[in-house]
Amino acid sequence: MRRLVSDAGLAGAVEVCSAGIGDWHAGDGADPRSAEAMRRRGYDPSGHRARQVTRQDLVDHELIVAMDRGHARELERMLPVGATCEVRLLLSYDPLAGTLDVPDPYYGGPSGFDDVLAMIERACRGLLAEISPAPPSTAG
């Protein structure tokens with residue numbers, strides 16, 4: 001998503017950050033299989049460090065994107081009273097997705113990481129299209 005935002009010239013207008021529901025991987029780099037899938041697609045995973053989502057994240061951001069319905073429910077439970085943050089499922093931005101839950105490739109084979117990354121890329125393009133400002137009208 002960061003690359004898409006940057007390529008669209010929106011790096012100063014859109015903040016992209018990543019966090020997990022639990023703290024069990026906090027401080028860790030990407031899973032080696034995930035990192036390898038990322039490298040095959042031209043991404044540099046070396047700077048990734050896991051962190052846990054905080055209640056403050058839900059106050060500071062307008063949109064939190066969850067990978068699956070379980071995560072979305074947990075994030076909605078965490079919303080502080082009066083928070084205006086919207087929680088949405090990532091795959092809701094991909095009209096061709098056959099499911100709303102991004103599968104967890106952790107216990108599957110290596111190709112699962114490539115499959116999941118492709119799903120995420122498609123959905124991120126849809127998300128960017130939704131949040132991008134409309135081009136100026138040329139009607140006259």
# chains A, B, ... in the order shown; residues from 1 in each chain; ligands from 1

$ select_by_dssp --residues "region 14-110 of chain A" --states "strand (DSSP E)" --output "VMD selection string"
chain A and resid 63 to 66 86 to 89

$ select_by_dssp --residues "chain A" --states "helix (DSSP H, G or I)" --output "ChimeraX atom specification"
/A:2-7,32-40,55-60,69-78,90-93,111-131

$ residues_around --residues "Ala129 (chain A)" --least-positions-apart "3" --cutoff "12 Å" --atoms "only C-alpha atoms" --output "PyMOL selection string"
chain A and resi 1+4-5+8+10+93-94+122-126+132-135

$ atom_distance --atom1 "CA of Glu36 (chain A)" --atom2 "CA of Asp114 (chain A)"
9.0 Å

$ residues_around --residues "Ile21 (chain A)" --least-positions-apart "2" --cutoff "9 Å" --atoms "only C-alpha atoms" --output "PyMOL selection string"
chain A and resi 19+23+51-54+71+74-75

$ closest_residue --among "A:Met67, A:Ala26, A:Leu128, A:Ala35" --to "Arg3 (chain A)" --atoms "only C-alpha atoms"
A:Leu128

$ decode --residues "region 14-52 of chain A" --atoms "C-alpha atoms" --output "CSV table (one decimal), in the first residue's frame"
chain,number,residue,atom,x,y,z
A,14,VAL,CA,-2.1,9.3,3.3
A,15,GLU,CA,-0.4,7.6,6.2
A,16,VAL,CA,0.1,3.8,5.9
A,17,CYS,CA,1.0,1.8,8.9
A,18,SER,CA,0.7,-1.8,10.0
A,19,ALA,CA,-0.1,-3.5,13.3
A,20,GLY,CA,-1.3,-6.8,14.5
A,21,ILE,CA,-4.0,-7.7,17.0
A,22,GLY,CA,-1.7,-9.6,19.3
A,23,ASP,CA,1.7,-8.9,20.7
A,24,TRP,CA,3.2,-12.3,20.2
A,25,HIS,CA,5.4,-11.1,17.2
A,26,ALA,CA,6.0,-7.5,18.4
A,27,GLY,CA,9.5,-6.4,17.3
A,28,ASP,CA,10.0,-9.3,14.9
A,29,GLY,CA,10.7,-8.9,11.3
A,30,ALA,CA,8.6,-10.5,8.6
A,31,ASP,CA,8.2,-14.3,8.4
A,32,PRO,CA,11.0,-15.5,6.1
A,33,ARG,CA,8.5,-17.0,3.7
A,34,SER,CA,6.5,-13.7,3.6
A,35,ALA,CA,9.8,-11.8,3.1
A,36,GLU,CA,10.8,-14.0,0.2
A,37,ALA,CA,7.4,-13.6,-1.5
A,38,MET,CA,7.7,-9.8,-1.0
A,39,ARG,CA,11.2,-9.8,-2.6
A,40,ARG,CA,9.9,-11.8,-5.6
A,41,ARG,CA,7.4,-9.0,-6.1
A,42,GLY,CA,9.9,-6.2,-5.8
A,43,TYR,CA,9.3,-5.2,-2.2
A,44,ASP,CA,12.0,-4.7,0.5
A,45,PRO,CA,10.8,-6.3,3.7
A,46,SER,CA,14.0,-5.5,5.6
A,47,GLY,CA,12.5,-2.6,7.5
A,48,HIS,CA,9.4,-4.4,8.7
A,49,ARG,CA,8.9,-4.8,12.4
A,50,ALA,CA,5.7,-6.1,13.9
A,51,ARG,CA,3.9,-4.1,16.5
A,52,GLN,CA,0.6,-4.4,18.3
